[in-house]
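Undergrad: File name input32.csv; file contents CSV, C-alpha atoms; full text below.
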chain,number,residue,atom,x,y,z
O,22,MET,CA,-195.5,-90.4,-69.6
O,23,ALA,CA,-194.3,-94.0,-69.0
O,24,ARG,CA,-196.3,-95.3,-72.0
O,25,ALA,CA,-194.9,-92.6,-74.2
O,26,ARG,CA,-191.4,-93.6,-73.2
O,27,VAL,CA,-192.1,-97.2,-74.0
O,28,LEU,CA,-193.5,-96.2,-77.3
O,29,ILE,CA,-190.5,-94.2,-78.2
O,30,TRP,CA,-188.1,-97.1,-77.4
O,31,ALA,CA,-190.4,-99.4,-79.4
O,32,VAL,CA,-190.0,-97.1,-82.4
O,33,CYS,CA,-186.3,-97.1,-81.9
O,34,ALA,CA,-186.1,-100.8,-81.8
O,35,LEU,CA,-188.2,-101.1,-85.0
O,36,ARG,CA,-186.1,-98.5,-86.8
O,37,LEU,CA,-182.9,-100.2,-85.6
O,38,ALA,CA,-183.9,-103.2,-87.8
O,39,LEU,CA,-183.7,-100.8,-90.8
O,40,ALA,CA,-180.8,-98.6,-89.8
O,41,THR,CA,-177.1,-99.3,-89.5
O,42,VAL,CA,-175.8,-98.1,-86.2
O,43,TYR,CA,-172.0,-97.8,-86.3
O,44,PHE,CA,-171.5,-96.5,-82.8
O,45,GLN,CA,-173.8,-95.7,-79.8
O,46,GLU,CA,-172.7,-94.8,-76.3
O,47,GLU,CA,-174.8,-93.8,-73.3
O,48,PHE,CA,-172.5,-94.8,-70.3
O,49,LEU,CA,-175.2,-96.9,-68.6
O,50,ASP,CA,-173.0,-99.8,-67.5
O,51,GLY,CA,-171.0,-98.4,-64.6
O,52,GLU,CA,-167.2,-98.4,-65.0
O,53,ARG,CA,-167.2,-100.6,-68.1
O,54,TRP,CA,-166.8,-97.5,-70.2
O,55,ARG,CA,-163.1,-97.7,-69.4
O,56,ASN,CA,-162.9,-100.8,-71.6
O,57,ARG,CA,-164.2,-99.0,-74.6
O,58,TRP,CA,-162.6,-95.5,-74.2
O,59,VAL,CA,-158.8,-95.1,-74.3
O,60,GLN,CA,-157.2,-92.1,-72.6
O,61,SER,CA,-154.2,-90.8,-74.6
O,62,THR,CA,-150.8,-90.9,-72.9
O,63,ASN,CA,-149.2,-88.7,-75.5
O,64,ASP,CA,-148.8,-86.0,-72.8
O,65,SER,CA,-148.7,-86.5,-69.0
O,66,GLN,CA,-150.4,-83.2,-68.5
O,67,PHE,CA,-153.6,-84.2,-70.4
O,68,GLY,CA,-156.7,-83.8,-68.2
O,69,HIS,CA,-158.6,-86.8,-66.9
O,70,PHE,CA,-162.2,-87.7,-67.5
O,71,ARG,CA,-164.8,-89.3,-65.2
O,72,VAL,CA,-168.4,-90.4,-65.8
O,73,SER,CA,-170.8,-88.1,-64.0
O,74,SER,CA,-174.3,-86.7,-64.4
O,75,GLY,CA,-173.1,-83.4,-62.9
O,76,LYS,CA,-174.6,-81.1,-60.2
O,77,PHE,CA,-178.0,-81.1,-61.8
O,78,TYR,CA,-179.6,-83.5,-64.2
O,79,GLY,CA,-182.9,-84.9,-65.5
O,80,HIS,CA,-182.1,-88.5,-64.5
O,81,LYS,CA,-179.1,-89.4,-62.4
O,82,GLU,CA,-178.1,-92.5,-64.3
O,83,LYS,CA,-179.3,-91.7,-67.9
O,84,ASP,CA,-177.6,-88.3,-67.8
O,85,LYS,CA,-174.2,-89.7,-67.0
O,86,GLY,CA,-171.5,-88.9,-69.5
O,87,LEU,CA,-167.8,-88.2,-69.9
O,88,GLN,CA,-166.9,-85.1,-67.8
O,89,THR,CA,-163.7,-83.1,-67.9
O,90,THR,CA,-162.3,-82.7,-64.4
O,91,GLN,CA,-159.3,-80.4,-64.4
O,92,ASN,CA,-159.0,-76.7,-65.2
O,93,GLY,CA,-156.6,-75.4,-67.8
O,94,ARG,CA,-155.9,-78.7,-69.5
O,95,PHE,CA,-155.9,-80.4,-72.9
O,96,TYR,CA,-158.0,-83.6,-73.2
O,97,ALA,CA,-157.6,-86.6,-75.5
O,98,ILE,CA,-159.7,-89.7,-75.3
O,99,SER,CA,-161.2,-92.0,-78.0
O,100,ALA,CA,-163.3,-95.1,-78.7
O,101,ARG,CA,-162.9,-97.5,-81.6
O,102,PHE,CA,-165.7,-99.3,-83.6
O,103,LYS,CA,-165.9,-101.5,-86.7
O,104,PRO,CA,-164.5,-99.5,-89.6
O,105,PHE,CA,-167.0,-98.5,-92.4
O,106,SER,CA,-167.3,-96.4,-95.5
O,107,ASN,CA,-170.2,-93.9,-95.9
O,108,LYS,CA,-169.9,-93.9,-99.6
O,109,GLY,CA,-173.4,-93.6,-101.1
O,110,LYS,CA,-175.0,-93.4,-97.7
O,111,THR,CA,-176.2,-90.7,-95.3
O,112,LEU,CA,-174.0,-90.1,-92.3
O,113,VAL,CA,-175.5,-88.8,-89.1
O,114,ILE,CA,-173.2,-87.8,-86.2
O,115,GLN,CA,-175.0,-86.9,-83.0
O,116,TYR,CA,-174.3,-86.3,-79.3
O,117,THR,CA,-175.2,-84.2,-76.3
O,118,VAL,CA,-172.9,-81.7,-74.5
O,119,LYS,CA,-173.5,-79.8,-71.3
O,120,HIS,CA,-171.3,-76.9,-70.1
O,121,GLU,CA,-172.6,-76.8,-66.6
O,122,GLN,CA,-169.6,-74.7,-65.5
O,123,LYS,CA,-170.9,-72.0,-67.9
O,124,MET,CA,-168.0,-72.3,-70.4
O,125,ASP,CA,-165.8,-69.2,-70.7
O,126,CYS,CA,-163.2,-70.7,-73.1
O,127,GLY,CA,-162.9,-74.2,-74.4
O,128,GLY,CA,-164.1,-76.8,-76.8
O,129,GLY,CA,-167.2,-79.0,-76.7
O,130,TYR,CA,-166.7,-80.6,-80.1
O,131,ILE,CA,-166.0,-84.2,-81.2
O,132,LYS,CA,-163.8,-85.7,-83.9
O,133,ILE,CA,-164.3,-88.6,-86.2
O,134,PHE,CA,-161.1,-90.5,-87.0
O,135,PRO,CA,-159.8,-93.1,-89.5
O,136,ALA,CA,-159.7,-96.7,-88.2
O,137,ASP,CA,-155.9,-96.6,-88.0
O,138,LEU,CA,-155.9,-93.9,-85.3
O,139,ASP,CA,-153.2,-94.5,-82.6
O,140,GLN,CA,-155.4,-94.1,-79.6
O,141,LYS,CA,-152.7,-94.0,-77.0
O,142,ASN,CA,-150.9,-91.3,-79.0
O,143,LEU,CA,-154.0,-89.2,-79.8
O,144,ASN,CA,-153.1,-85.5,-79.9
O,145,GLY,CA,-153.8,-82.2,-81.7
O,146,LYS,CA,-151.8,-83.4,-84.8
O,147,SER,CA,-153.7,-86.7,-85.2
O,148,GLN,CA,-155.5,-86.7,-88.5
O,149,TYR,CA,-159.3,-86.7,-88.4
O,150,TYR,CA,-162.1,-86.9,-91.0
O,151,ILE,CA,-164.7,-84.7,-89.3
O,152,MET,CA,-164.6,-82.1,-86.4
O,153,PHE,CA,-168.1,-81.1,-85.3
O,154,GLY,CA,-169.5,-79.2,-82.3
O,155,PRO,CA,-169.5,-76.1,-80.2
O,156,ASP,CA,-166.5,-74.0,-79.4
O,157,ILE,CA,-166.6,-71.0,-77.0
O,158,CYS,CA,-164.0,-68.5,-76.0
O,159,GLY,CA,-164.8,-65.0,-74.7
O,160,PHE,CA,-167.2,-62.8,-76.5
O,161,ASP,CA,-165.9,-63.4,-80.0
O,162,ILE,CA,-166.0,-67.2,-80.4
O,163,LYS,CA,-169.4,-68.9,-79.9
O,164,LYS,CA,-169.6,-71.1,-83.0
O,165,VAL,CA,-170.4,-74.6,-84.1
O,166,HIS,CA,-167.4,-76.1,-86.0
O,167,VAL,CA,-168.0,-78.3,-89.1
O,168,ILE,CA,-164.6,-79.2,-90.5
O,169,LEU,CA,-164.1,-81.8,-93.1
O,170,HIS,CA,-160.9,-83.4,-94.3
O,171,PHE,CA,-160.5,-83.5,-98.1
O,172,LYS,CA,-157.4,-84.0,-100.3
O,173,ASN,CA,-155.1,-83.8,-97.3
O,174,GLN,CA,-156.5,-80.5,-96.2
O,175,TYR,CA,-159.0,-79.4,-93.5
O,176,HIS,CA,-161.9,-77.3,-94.8
O,177,SER,CA,-164.3,-75.3,-92.5
O,178,ASN,CA,-167.9,-74.4,-93.3
O,179,LYS,CA,-167.8,-70.8,-94.4
O,180,LYS,CA,-171.1,-70.0,-92.6
O,181,SER,CA,-171.2,-68.7,-89.1
O,182,ILE,CA,-173.2,-71.2,-87.0
O,183,ARG,CA,-173.9,-70.1,-83.5
O,184,CYS,CA,-173.8,-72.5,-80.6
O,185,LYS,CA,-175.6,-72.6,-77.3
O,186,VAL,CA,-173.8,-70.9,-74.4
O,187,ASP,CA,-175.9,-71.7,-71.3
O,188,GLY,CA,-175.2,-74.5,-68.8
O,189,PHE,CA,-177.9,-77.0,-69.9
O,190,THR,CA,-177.5,-80.1,-72.0
O,191,HIS,CA,-177.9,-79.5,-75.7
O,192,LEU,CA,-178.2,-81.9,-78.6
O,193,TYR,CA,-175.9,-81.5,-81.6
O,194,ALA,CA,-176.3,-83.4,-84.9
O,195,LEU,CA,-174.6,-83.3,-88.3
O,196,VAL,CA,-176.2,-84.9,-91.3
O,197,LEU,CA,-174.1,-85.4,-94.5
O,198,ARG,CA,-176.1,-86.8,-97.4
O,199,PRO,CA,-174.9,-88.6,-100.7
O,200,ASP,CA,-176.4,-85.8,-102.8
O,201,LEU,CA,-173.9,-83.4,-101.2
O,202,SER,CA,-176.5,-81.6,-99.0
O,203,TYR,CA,-175.9,-81.2,-95.3
O,204,GLU,CA,-177.7,-80.1,-92.2
O,205,VAL,CA,-176.6,-78.9,-88.7
O,206,GLN,CA,-179.1,-79.4,-86.0
O,207,VAL,CA,-179.2,-78.1,-82.4
O,208,ASP,CA,-181.8,-79.4,-80.0
O,209,GLY,CA,-183.6,-81.2,-82.8
O,210,GLN,CA,-184.0,-78.1,-85.0
O,211,ALA,CA,-182.1,-77.5,-88.2
O,212,ILE,CA,-180.1,-74.2,-87.7
O,213,GLU,CA,-178.1,-74.4,-90.9
O,214,SER,CA,-178.2,-76.4,-94.2
O,215,GLY,CA,-177.1,-76.2,-97.7
O,216,SER,CA,-174.6,-77.6,-100.3
O,217,ILE,CA,-171.3,-79.1,-99.2
O,218,GLU,CA,-169.8,-78.0,-102.5
O,219,TYR,CA,-170.6,-74.3,-101.9
O,220,ASP,CA,-170.6,-74.0,-98.1
O,221,TRP,CA,-167.1,-75.5,-97.9
O,222,ASN,CA,-165.8,-73.5,-101.0
O,223,LEU,CA,-165.5,-76.8,-103.0
O,224,THR,CA,-166.2,-74.8,-106.2
O,225,SER,CA,-162.5,-73.9,-106.3
O,226,PHE,CA,-161.6,-77.6,-106.3
O,227,ARG,CA,-164.2,-78.2,-109.0
O,228,LYS,CA,-162.5,-75.8,-111.3
O,229,MET,CA,-159.1,-77.3,-110.6
O,230,GLU,CA,-160.4,-80.8,-111.1
O,231,GLU,CA,-162.3,-79.9,-114.3
O,232,SER,CA,-159.2,-78.2,-115.7
O,233,ALA,CA,-157.1,-81.3,-114.9
O,234,ALA,CA,-159.7,-83.5,-116.4
O,235,GLU,CA,-159.8,-81.5,-119.6
O,236,SER,CA,-156.0,-81.6,-119.9
O,237,LYS,CA,-156.0,-85.4,-119.3
O,238,ASP,CA,-158.7,-86.0,-121.9
O,239,TRP,CA,-156.9,-83.8,-124.4
O,240,ASN,CA,-153.7,-85.7,-124.0
O,241,GLN,CA,-155.5,-89.0,-124.3
O,242,ALA,CA,-157.2,-87.7,-127.5
O,243,LYS,CA,-153.8,-87.0,-129.0
O,244,ASP,CA,-152.1,-90.2,-128.0
O,245,ALA,CA,-154.8,-92.7,-128.6
O,246,LYS,CA,-155.8,-94.1,-132.0
O,247,ALA,CA,-159.3,-92.8,-131.8
O,248,GLN,CA,-161.0,-95.5,-133.9
O,249,ASP,CA,-164.4,-94.8,-132.3
O,250,TRP,CA,-164.1,-91.1,-132.5
O,251,GLU,CA,-165.4,-90.8,-136.1
O,252,GLN,CA,-166.7,-87.4,-137.0
O,253,HIS,CA,-168.4,-85.9,-140.0
O,254,PHE,CA,-166.6,-83.0,-141.7
O,255,LEU,CA,-166.5,-81.3,-145.1
O,256,ASP,CA,-164.3,-82.8,-147.8
O,257,ALA,CA,-161.9,-79.9,-148.3
O,258,SER,CA,-160.5,-81.4,-151.5
O,259,ALA,CA,-163.9,-81.5,-153.3
O,260,SER,CA,-164.9,-78.9,-155.9
O,261,GLN,CA,-168.1,-78.0,-157.6
O,262,PRO,CA,-168.7,-80.2,-160.6
O,263,SER,CA,-168.5,-78.4,-164.0
O,264,ASP,CA,-172.1,-79.5,-165.0
O,265,TRP,CA,-173.7,-78.4,-161.7
O,266,ASN,CA,-176.8,-76.3,-162.3
O,267,SER,CA,-177.5,-74.1,-159.3
O,268,GLU,CA,-181.0,-73.2,-160.5
O,269,LEU,CA,-181.9,-76.8,-160.9
O,270,ASP,CA,-179.8,-78.5,-158.4
O,271,GLY,CA,-179.6,-75.8,-155.7
O,272,ASP,CA,-176.6,-74.4,-154.0
O,273,TRP,CA,-173.6,-76.8,-154.1
O,274,GLN,CA,-172.1,-78.1,-150.9
O,275,ALA,CA,-169.1,-80.3,-150.4
O,276,SER,CA,-169.9,-83.8,-149.4
O,277,LEU,CA,-169.4,-84.9,-145.7
O,278,LEU,CA,-166.7,-87.4,-145.1
O,279,GLN,CA,-166.5,-89.7,-142.1
O,280,LYS,CA,-163.1,-90.7,-140.8
O,281,PRO,CA,-161.1,-90.7,-137.5
O,282,PRO,CA,-160.0,-87.1,-136.8
O,283,TYR,CA,-156.6,-88.3,-135.5
O,284,GLN,CA,-155.0,-91.4,-136.8
O,285,ASP,CA,-151.4,-92.4,-137.5
O,286,GLY,CA,-150.4,-88.8,-136.7
O,287,LEU,CA,-152.4,-87.3,-139.6
O,288,LYS,CA,-154.5,-84.2,-138.9
O,289,PRO,CA,-157.8,-84.0,-140.8
O,290,GLU,CA,-158.8,-81.1,-142.9
O,291,GLY,CA,-161.7,-78.8,-142.3
O,292,ILE,CA,-162.4,-79.5,-138.6
O,293,ASP,CA,-161.6,-77.6,-135.5
O,294,LYS,CA,-160.3,-79.9,-132.7
O,295,ASP,CA,-161.6,-77.6,-130.0
O,296,ILE,CA,-165.2,-78.1,-131.3
O,297,TRP,CA,-165.3,-81.9,-131.6
O,298,LEU,CA,-163.5,-82.5,-128.4
O,299,HIS,CA,-165.7,-80.1,-126.4
O,300,GLN,CA,-168.1,-82.8,-125.3
O,301,LYS,CA,-165.3,-85.3,-124.7
O,302,MET,CA,-163.6,-83.0,-122.2
O,303,LYS,CA,-166.6,-82.5,-119.9
O,304,ASN,CA,-166.1,-84.3,-116.6
O,305,THR,CA,-169.6,-84.6,-115.3
O,306,ASN,CA,-168.6,-87.2,-112.7
O,307,TYR,CA,-166.2,-85.0,-110.9
O,308,LEU,CA,-168.4,-84.7,-107.8
O,309,THR,CA,-168.6,-88.5,-107.6
O,310,GLN,CA,-164.9,-88.9,-108.0
O,311,TYR,CA,-164.0,-86.1,-105.5
O,312,ASP,CA,-166.9,-86.3,-103.0
O,313,LEU,CA,-166.1,-84.1,-99.9
O,314,SER,CA,-168.6,-86.1,-97.8
O,315,GLU,CA,-167.2,-89.6,-98.4
O,316,PHE,CA,-164.8,-91.2,-96.0
O,317,GLU,CA,-163.6,-94.7,-96.7
O,318,ASN,CA,-162.3,-95.9,-93.4
O,319,ILE,CA,-164.2,-94.4,-90.5
O,320,GLY,CA,-163.3,-96.3,-87.3
O,321,ALA,CA,-163.0,-94.1,-84.2
O,322,ILE,CA,-164.6,-91.2,-82.3
O,323,GLY,CA,-162.9,-89.0,-79.8
O,324,LEU,CA,-162.5,-85.8,-77.8
O,325,GLU,CA,-159.4,-83.8,-78.4
O,326,LEU,CA,-159.8,-80.3,-77.0
O,327,TRP,CA,-158.7,-77.6,-74.5
O,328,GLN,CA,-160.7,-76.2,-71.6
O,329,VAL,CA,-159.9,-73.3,-69.3
O,330,ARG,CA,-162.6,-74.3,-66.8
O,331,SER,CA,-163.6,-78.0,-66.6
O,332,GLY,CA,-167.0,-79.6,-66.0
O,333,THR,CA,-168.4,-80.3,-69.5
O,334,ILE,CA,-170.3,-83.5,-69.9
O,335,PHE,CA,-170.4,-85.4,-73.2
O,336,ASP,CA,-173.1,-88.1,-73.7
O,337,ASN,CA,-175.5,-90.0,-76.0
O,338,PHE,CA,-173.0,-90.5,-78.8
O,339,LEU,CA,-174.5,-91.9,-82.0
O,340,ILE,CA,-173.1,-92.6,-85.5
O,341,THR,CA,-175.7,-94.0,-88.0
O,342,ASP,CA,-176.9,-93.9,-91.6
O,343,ASP,CA,-180.5,-93.3,-90.6
O,344,GLU,CA,-181.9,-89.9,-89.9
O,345,GLU,CA,-185.1,-91.2,-88.5
O,346,TYR,CA,-183.3,-93.5,-86.1
O,347,ALA,CA,-181.2,-90.6,-84.9
O,348,GLU,CA,-184.3,-88.5,-84.3
O,349,ASN,CA,-186.0,-91.3,-82.3
O,350,PHE,CA,-182.8,-92.0,-80.3
O,351,ALA,CA,-182.6,-88.3,-79.4
O,352,LYS,CA,-186.2,-88.3,-78.2
O,353,ALA,CA,-185.6,-91.4,-76.1
O,354,THR,CA,-182.5,-89.9,-74.4
O,355,TRP,CA,-182.1,-86.1,-74.4
O,356,GLY,CA,-185.8,-85.6,-75.1
O,357,GLU,CA,-186.8,-87.5,-71.9
O,358,THR,CA,-184.4,-85.7,-69.5
O,359,LYS,CA,-184.1,-82.1,-70.8
O,360,GLY,CA,-187.2,-81.0,-69.0
O,361,PRO,CA,-186.5,-82.5,-65.6
O,362,GLU,CA,-182.9,-81.2,-65.9
O,363,ARG,CA,-184.2,-77.6,-66.1
O,364,GLU,CA,-186.6,-78.3,-63.3
O,365,MET,CA,-183.9,-79.5,-61.0
O,366,ASP,CA,-181.7,-76.5,-61.9
O,367,ALA,CA,-184.6,-74.2,-61.1
O,368,ILE,CA,-185.2,-75.9,-57.7
O,369,GLN,CA,-181.5,-75.7,-56.9
O,370,ALA,CA,-181.5,-72.0,-57.9
O,371,LYS,CA,-184.4,-71.3,-55.5
O,372,GLU,CA,-182.7,-73.2,-52.7
O,373,GLU,CA,-179.5,-71.2,-53.3
O,374,VAL,CA,-181.4,-68.0,-53.2
O,375,LYS,CA,-183.1,-69.1,-50.0
O,376,LYS,CA,-179.8,-70.1,-48.4
O,377,ALA,CA,-178.2,-66.9,-49.4
O,378,ARG,CA,-181.0,-64.9,-47.8
O,379,GLU,CA,-180.8,-66.9,-44.6
O,380,GLU,CA,-177.1,-66.4,-44.5
O,381,ASP,CA,-177.6,-62.7,-45.0
O,382,GLU,CA,-180.2,-62.6,-42.2
O,383,GLU,CA,-177.9,-64.5,-39.9
O,384,LEU,CA,-175.1,-62.1,-40.7
O,385,LEU,CA,-177.4,-59.1,-40.0
O,386,ALA,CA,-178.6,-60.7,-36.8
O,387,GLY,CA,-175.1,-61.3,-35.7
O,388,LYS,CA,-174.1,-57.7,-36.4
O,389,PHE,CA,-177.1,-56.5,-34.5
O,390,HIS,CA,-176.3,-58.7,-31.6
O,391,MET,CA,-172.7,-57.4,-31.6
O,392,ARG,CA,-173.9,-53.8,-31.6
O,393,GLU,CA,-176.4,-54.5,-28.9
O,394,SER,CA,-173.7,-56.2,-26.7
O,395,HIS,CA,-171.3,-53.3,-27.4
O,396,PHE,CA,-174.0,-50.8,-26.5
O,397,ASN,CA,-174.9,-52.6,-23.3
O,398,ARG,CA,-171.3,-52.8,-22.2
O,399,TYR,CA,-170.8,-49.1,-22.9
O,400,TYR,CA,-174.1,-48.1,-21.2
O,401,ARG,CA,-173.5,-50.1,-18.1
O,402,ARG,CA,-169.9,-48.8,-17.8
O,403,ASP,CA,-171.4,-45.2,-17.8
O,404,GLU,CA,-173.9,-46.2,-15.1
O,405,LEU,CA,-171.1,-47.5,-12.9
As structure tokens, what does this structure read like?

TA:
Amino acid sequence: MARARVLIWAVCALRLALATVYFQEEFLDGERWRNRWVQSTNDSQFGHFRVSSGKFYGHKEKDKGLQTTQNGRFYAISARFKPFSNKGKTLVIQYTVKHEQKMDCGGGYIKIFPADLDQKNLNGKSQYYIMFGPDICGFDIKKVHVILHFKNQYHSNKKSIRCKVDGFTHLYALVLRPDLSYEVQVDGQAIESGSIEYDWNLTSFRKMEESAAESKDWNQAKDAKAQDWEQHFLDASASQPSDWNSELDGDWQASLLQKPPYQDGLKPEGIDKDIWLHQKMKNTNYLTQYDLSEFENIGAIGLELWQVRSGTIFDNFLITDDEEYAENFAKATWGETKGPEREMDAIQAKEEVKKAREEDEELLAGKFHMRESHFNRYYRRDEL
């Protein structure tokens, strides 16, 4: 087991040389986390966080994470890192969340913010790029949010992605790729994937952008002196020569002329503008120009959420451009402690059952003793 752990970390170290890790947080350095994470003071009623591994865990130190501590509160906390753009790169956002209080209503998601986030003033109105993770409330809401910010609007994935609802630690990962594909993973398994264009209803934006592009190209075609837009068309002024012999020369056809379709305000004869401009108006680069998965100034990660019952633990935060590194990091952290965590929970459950049984037995014994004492007093009184 120890050799396997060393091997996993060795692979992580090797992969780290190839990957770009923008942010990584495991809360392994005591109280120093307070130097990296900033609690919002926007509202004096915001709930407070502490670092804890909870009531049960796989490893007391490695499973420590940010834990909510007060019931019925909003929470807002964030950490900053060196700003970056994910343009042309894969973006992997990964973390673990544990609702050991058996969440009844509250968020377990994270948000990725622009670098200009006002951390001290973080609140529900603060602009974010990405919101990702589980949200639970009653019987109706048990979903994984994947919300992306695009053209000053927030867009939710139209698919229903179910989250975990038990009290154990679970691993959540979102992968956004340059080819506009995406993947949502829970506990290392892909539970949803597809096209960002279609699963966020980006097709409506495609139609609007294409229409705008066509209008723009058409206006440019009318306004510009299109010297390089030479097009062949029939000479409408030509007529069949009087000495043309159809039997010897074949069917007569007007000659093709070559000149700019639009120049000095003159409209050419014999050509339909809608035909020759058709290819000019195609905007094949629209997805590159309006890429839903590209964010230019990523610079902060945070928790901005509401919980009815507190106790959730957030840990093992990772933002990188390398899927393989994220997978190895998950194995070296959550992968090492998930089994022992369940074992500890099972042991505690057995102990609780045993304790409850002993308490019941003591209660029954006490009741029996009381009845026996009452009987003895009553019986002896009769004897007297």

Undergrad: Can you work out the spacing between CA of Asn92 in chain O and CA of Ile131 in chain O in Å, to one decimal?

TA: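 About the pair CA of Asn92 in chain O and CA of Ile131 in chain O: they are 19.0 Å apart.
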
Undergrad: When distances are computed from all atoms listed in the file, which of O:Glu315, O:Glu383, O:Glu325, O:Glu345 shows the smallest separation from Lys172 in chain O?

TA: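 Of the candidates, the smallest distance to Lys172 in chain O is held by O:Glu315.
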
Undergrad: To one decimal place, how far is CA of Ile334 in chain O from CA of Arg363 in chain O in Å?

TA: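 The value is 15.6 Å.
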
Undergrad: Using all atoms listed in the file and a cutoff of 8 Å, can you tell me which residues are near (-173.0, -85.0, -84.0) in the file's coordinates, and write them out as a ChimeraX atom specification?

TA: /O:113-116,131,153-154,193-196,338-340

Undergrad: Separation of CA of Pro104 in chain O and CA of Tyr150 in chain O, in Å?

TA: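 We find that CA of Pro104 in chain O and CA of Tyr150 in chain O lie 12.9 Å from each other.
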
Undergrad: Name all residues at most 7 Å from Leu197 in chain O (count all atoms listed in the file; drop same-chain ones fewer than 5 positions away) and give them as a list in words.

TA: Thr111, Leu112, Val113, Ser202, Tyr203, Glu204 and Ser314 of chain O
